[in-house]
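Below: data-v6.cif (mmCIF, C-alpha atoms)
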```cif
data_run
loop_
_atom_site.label_atom_id
_atom_site.label_comp_id
_atom_site.auth_asym_id
_atom_site.auth_seq_id
_atom_site.Cartn_x
_atom_site.Cartn_y
_atom_site.Cartn_z
CA MET A 21 96.54 104.65 120.47
CA ILE A 22 93.29 106.06 119.11
CA ASN A 23 90.80 106.88 121.86
CA GLN A 24 87.90 107.53 119.50
CA LYS A 25 85.77 104.79 117.98
CA ILE A 26 86.54 104.10 114.32
CA GLU A 27 83.65 102.86 112.20
CA PHE A 28 84.33 100.92 108.99
CA SER A 29 81.58 100.72 106.36
CA SER A 30 80.68 101.03 102.72
CA PRO A 31 80.56 104.68 101.67
CA ASN A 32 77.50 106.56 100.52
CA PRO A 33 77.49 109.38 97.95
CA ASP A 34 77.59 111.97 100.75
CA ASP A 35 81.02 110.55 101.70
CA GLY A 36 82.40 111.27 98.22
CA LYS A 37 83.48 114.84 98.93
CA GLN A 38 85.22 113.80 102.16
CA MET A 39 86.98 110.98 100.32
CA TRP A 40 88.19 113.47 97.69
CA ARG A 41 89.43 115.87 100.40
CA LEU A 42 91.26 113.05 102.16
CA VAL A 43 93.01 111.94 98.97
CA ASN A 44 94.18 115.51 98.46
CA GLN A 45 95.82 115.42 101.92
CA THR A 46 97.87 112.35 101.00
CA THR A 47 100.36 111.32 98.34
CA LEU A 48 97.69 109.38 96.42
CA ASP A 49 97.05 110.27 92.79
CA ASP A 50 94.32 112.87 92.72
CA ASN A 51 91.15 112.26 90.77
CA SER A 52 88.07 114.42 90.36
CA ALA A 53 85.55 114.68 93.19
CA TYR A 54 83.13 113.04 90.76
CA LYS A 55 85.16 109.81 90.87
CA TYR A 56 84.65 109.44 94.62
CA ILE A 57 80.96 110.30 94.47
CA MET A 58 80.50 107.84 91.60
CA MET A 59 82.46 105.08 93.38
CA SER A 60 80.37 105.68 96.51
CA HIS A 61 77.20 105.20 94.52
CA TYR A 62 77.98 102.42 92.04
CA PHE A 63 80.73 100.48 93.83
CA THR A 64 79.65 100.46 97.47
CA ASP A 65 80.44 96.74 97.82
CA THR A 66 84.05 97.31 96.80
CA CYS A 67 84.73 100.58 98.60
CA VAL A 68 85.28 101.17 102.31
CA VAL A 69 85.52 104.23 104.51
CA ALA A 70 86.84 104.56 108.04
CA LYS A 71 85.19 107.30 110.07
CA ILE A 72 85.58 108.99 113.41
CA ASP A 73 82.59 111.14 114.38
CA GLN A 74 81.27 110.97 110.79
CA GLN A 75 84.60 112.28 109.41
CA VAL A 76 86.31 110.10 106.80
CA ILE A 77 89.85 109.28 107.98
CA GLY A 78 90.54 106.35 105.67
CA LEU A 79 89.28 104.89 102.41
CA ILE A 80 89.51 102.18 99.82
CA THR A 81 88.17 102.49 96.30
CA GLY A 82 88.06 99.29 94.32
CA PHE A 83 86.16 97.09 91.90
CA ILE A 84 85.77 93.49 90.82
CA PRO A 85 87.39 93.10 87.37
CA PRO A 86 84.83 91.63 84.93
CA LYS A 87 87.22 88.88 83.79
CA GLN A 88 88.30 88.03 87.37
CA PRO A 89 85.13 87.59 89.45
CA ASP A 90 87.13 85.99 92.28
CA THR A 91 89.26 89.14 92.74
CA VAL A 92 88.79 92.63 94.13
CA PHE A 93 91.15 95.24 92.73
CA VAL A 94 92.15 98.01 95.14
CA TRP A 95 92.40 101.20 93.10
CA GLN A 96 93.29 103.43 96.04
CA ILE A 97 93.81 103.00 99.75
CA GLY A 98 94.60 105.95 101.95
CA VAL A 99 94.59 107.08 105.55
CA ASP A 100 94.61 110.60 106.96
CA PRO A 101 98.27 111.30 107.82
CA LYS A 102 97.23 112.09 111.43
CA TYR A 103 96.12 108.46 111.81
CA SER A 104 98.80 106.62 109.85
CA GLY A 105 100.58 103.74 111.53
CA LYS A 106 97.53 102.85 113.65
CA GLY A 107 96.41 99.74 111.74
CA ILE A 108 93.63 101.52 109.86
CA GLY A 109 94.93 100.39 106.44
CA SER A 110 94.90 96.75 107.53
CA SER A 111 91.39 97.13 108.94
CA LEU A 112 90.21 98.73 105.70
CA LEU A 113 91.51 95.73 103.72
CA THR A 114 89.90 93.26 106.14
CA THR A 115 86.58 95.11 105.94
CA LEU A 116 86.79 95.07 102.15
CA MET A 117 87.27 91.30 102.11
CA ASP A 118 84.36 90.88 104.53
CA GLN A 119 82.17 92.91 102.15
CA VAL A 120 83.00 90.90 99.01
CA ARG A 121 83.51 87.38 100.33
CA ASP A 122 79.86 86.39 99.76
CA LYS A 123 80.38 87.24 96.07
CA GLY A 124 83.01 84.49 95.78
CA VAL A 125 85.98 86.86 96.04
CA TYR A 126 89.12 85.30 97.57
CA TYR A 127 91.90 87.44 96.09
CA ILE A 128 93.00 91.05 96.41
CA GLU A 129 95.01 92.77 93.69
CA ALA A 130 96.60 96.20 93.64
CA THR A 131 99.31 97.96 91.71
CA ILE A 132 102.04 99.67 93.71
CA THR A 133 105.10 101.58 92.58
CA PRO A 134 108.51 100.26 93.63
CA SER A 135 109.14 103.44 95.64
CA ASN A 136 105.93 103.10 97.69
CA LYS A 137 107.42 101.00 100.46
CA THR A 138 104.57 101.83 102.87
CA SER A 139 101.89 100.31 100.61
CA GLN A 140 104.11 97.35 99.79
CA ALA A 141 104.56 96.67 103.50
CA LEU A 142 100.81 96.99 104.14
CA PHE A 143 99.88 94.43 101.48
CA LYS A 144 102.68 92.02 102.48
CA LYS A 145 101.61 92.26 106.13
CA PHE A 146 97.99 91.65 105.13
CA ALA A 147 99.02 88.51 103.21
CA TYR A 148 101.10 87.28 106.14
CA HIS A 149 98.33 87.83 108.68
CA HIS A 150 95.84 86.03 106.46
CA GLN A 151 98.25 83.17 105.69
CA ALA A 152 97.99 83.89 101.98
CA VAL A 153 100.49 83.97 99.17
CA CYS A 154 101.52 87.42 97.91
CA ASN A 155 102.58 87.26 94.27
CA ILE A 156 104.43 90.34 93.03
CA GLN A 157 105.19 90.94 89.37
CA SER A 158 106.00 93.73 86.98
CA PHE A 159 102.73 94.94 85.50
CA PHE A 160 102.38 98.45 84.07
CA THR A 161 105.88 99.26 82.86
CA GLU A 162 107.16 102.83 82.52
CA ASP A 163 106.95 102.72 78.71
CA LEU A 164 103.14 102.54 78.93
CA PHE A 165 102.90 105.97 80.59
CA PRO A 166 102.87 109.29 78.70
CA ASN A 167 106.04 110.70 80.24
CA SER A 168 108.94 109.93 82.54
CA GLU A 169 107.29 111.30 85.70
CA TYR A 170 105.42 107.98 86.05
CA GLU A 171 106.97 105.00 87.76
CA GLU A 172 106.39 101.35 86.92
CA GLU A 173 103.47 99.70 88.73
CA LEU A 174 104.02 96.29 90.31
CA LYS A 175 101.00 94.00 90.61
CA PHE A 176 100.41 92.50 94.04
CA ARG A 177 98.03 89.51 94.05
CA ILE A 178 97.16 88.11 97.47
CA GLY A 179 95.18 84.97 98.13
CA PRO A 180 93.34 82.88 98.48
CA ILE A 181 92.00 84.66 101.55
CA LYS A 182 89.68 82.54 103.59
CA GLU A 183 87.12 83.68 106.14
CA ASN A 184 88.52 84.34 109.61
CA ASN A 185 92.00 83.39 108.42
CA ASN A 186 93.74 86.20 110.29
CA ASP A 187 95.84 84.46 112.92
CA LEU A 188 98.54 87.02 113.59
CA GLY A 189 101.10 84.27 114.05
CA GLY A 190 101.06 83.25 110.41
CA ASN A 191 101.64 79.74 109.15
CA GLU A 192 105.14 78.48 108.49
CA ASN A 193 103.86 76.13 105.78
CA VAL A 194 102.56 78.98 103.62
CA ARG A 195 104.74 80.62 101.02
CA ARG A 196 104.26 84.29 101.79
CA TYR A 197 105.90 86.20 98.96
CA GLU A 198 106.54 85.11 95.44
CA SER A 199 107.95 87.39 92.80
CA VAL A 200 107.06 86.36 89.28
#
```
Would you give me this structure, written as structure tokens?
Amino acid sequence: MINQKIEFSSPNPDDGKQMWRLVNQTTLDDNSAYKYIMMSHYFTDTCVVAKIDQQVIGLITGFIPPKQPDTVFVWQIGVDPKYSGKGIGSSLLTTLMDQVRDKGVYYIEATITPSNKTSQALFKKFAYHHQAVCNIQSFFTEDLFPNSEYEEELKFRIGPIKENNNDLGGNENVRRYESV
């Protein structure tokens, strides 16, 4: 149990350096510090930070794909390892949907490697709790990457996600997972 208050919000450019530091403490792909500062300036509606005492302990970077205005794509989601398993990832995703819903966004997409069972479980759990379908399909295959150190990326598409549709009991009439 976390005794400190966690605040979830859009980031600001000052959060960029903390976001970069957090990513470097996790297994997420590292990007330049510039990426996080830029995302915190230009994509505040599709990025989220979780903070305790003004310290970033979790983040989402994302964007709305131009050809899919009903979808938010999660580029990265990460939580400080000291706080993993506390529901922060789920809360980050819920906050993200709250931020973009008024833009007509009802779907979340992300790509996840087959070996990243933690992220797969997070997105499947999110779909279940929001009574939404989770479509999973092969997306970026290994042959697209420059060398063999890269793993295939599976595309997770969850939705439609409706407002306040987070009954933890789920709905037995909803198909939860569908591999395509």
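In this comparison, which uses all atoms listed in the file, the residue of A:Phe83, A:Tyr170, A:Phe160, A:Trp40 approaching Thr64 in chain A most closely is A:Phe83.
Distances here use all atoms listed in the file; by that measure, the residue among A:Phe93, A:Ala141, A:Gln119, A:Pro86 closest to Gly105 in chain A is A:Ala141.
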Here CA of Ile72 in chain A and CA of Gly98 in chain A stand apart by 14.9 Å
* Asked: Using the chain letters and numbers from the file, which residues does the PyMOL selection byres ((chain A and resi 112) around 12) grab, as number ranges by chain?
  -> A: 26-30, 66-71, 77-82, 94, 96-99, 106-111, 113-119, 142-143, 146
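One distance worth recording is that between CA of Phe176 in chain A and CA of Ile156 in chain A, which is 4.7 Å.
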Given the PyMOL selection byres ((chain A and resi 48-62) around 6), the residues it picks as a ChimeraX atom specification: /A:31-33,36,40,43,46-47,63-64
Just range 65-86 of chain A, please, as an mmCIF file, in the first residue's frame (only C-alpha atoms).
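Here's the written file out17.cif:
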```cif
data_model
loop_
_atom_site.group_PDB
_atom_site.id
_atom_site.type_symbol
_atom_site.label_atom_id
_atom_site.label_comp_id
_atom_site.auth_asym_id
_atom_site.auth_seq_id
_atom_site.Cartn_x
_atom_site.Cartn_y
_atom_site.Cartn_z
ATOM 1 C CA ASP A 65 -3.333 15.772 -23.971
ATOM 2 C CA THR A 66 -1.934 12.336 -24.781
ATOM 3 C CA CYS A 67 0.736 12.071 -22.091
ATOM 4 C CA VAL A 68 0.283 11.445 -18.367
ATOM 5 C CA VAL A 69 2.566 11.564 -15.356
ATOM 6 C CA ALA A 70 2.045 10.139 -11.892
ATOM 7 C CA LYS A 71 3.781 12.085 -9.140
ATOM 8 C CA ILE A 72 4.450 11.797 -5.446
ATOM 9 C CA ASP A 73 5.726 15.025 -3.880
ATOM 10 C CA GLN A 74 6.411 16.475 -7.364
ATOM 11 C CA GLN A 75 8.576 13.448 -8.296
ATOM 12 C CA VAL A 76 7.549 11.552 -11.433
ATOM 13 C CA ILE A 77 6.986 7.878 -10.549
ATOM 14 C CA GLY A 78 5.003 6.865 -13.630
ATOM 15 C CA LEU A 79 4.393 8.043 -17.169
ATOM 16 C CA ILE A 80 2.628 7.529 -20.451
ATOM 17 C CA THR A 81 3.738 9.070 -23.716
ATOM 18 C CA GLY A 82 1.292 8.787 -26.559
ATOM 19 C CA PHE A 83 -0.368 10.449 -29.523
ATOM 20 C CA ILE A 84 -3.517 10.347 -31.623
ATOM 21 C CA PRO A 85 -2.613 8.852 -35.032
ATOM 22 C CA PRO A 86 -3.691 11.274 -37.805
#
```
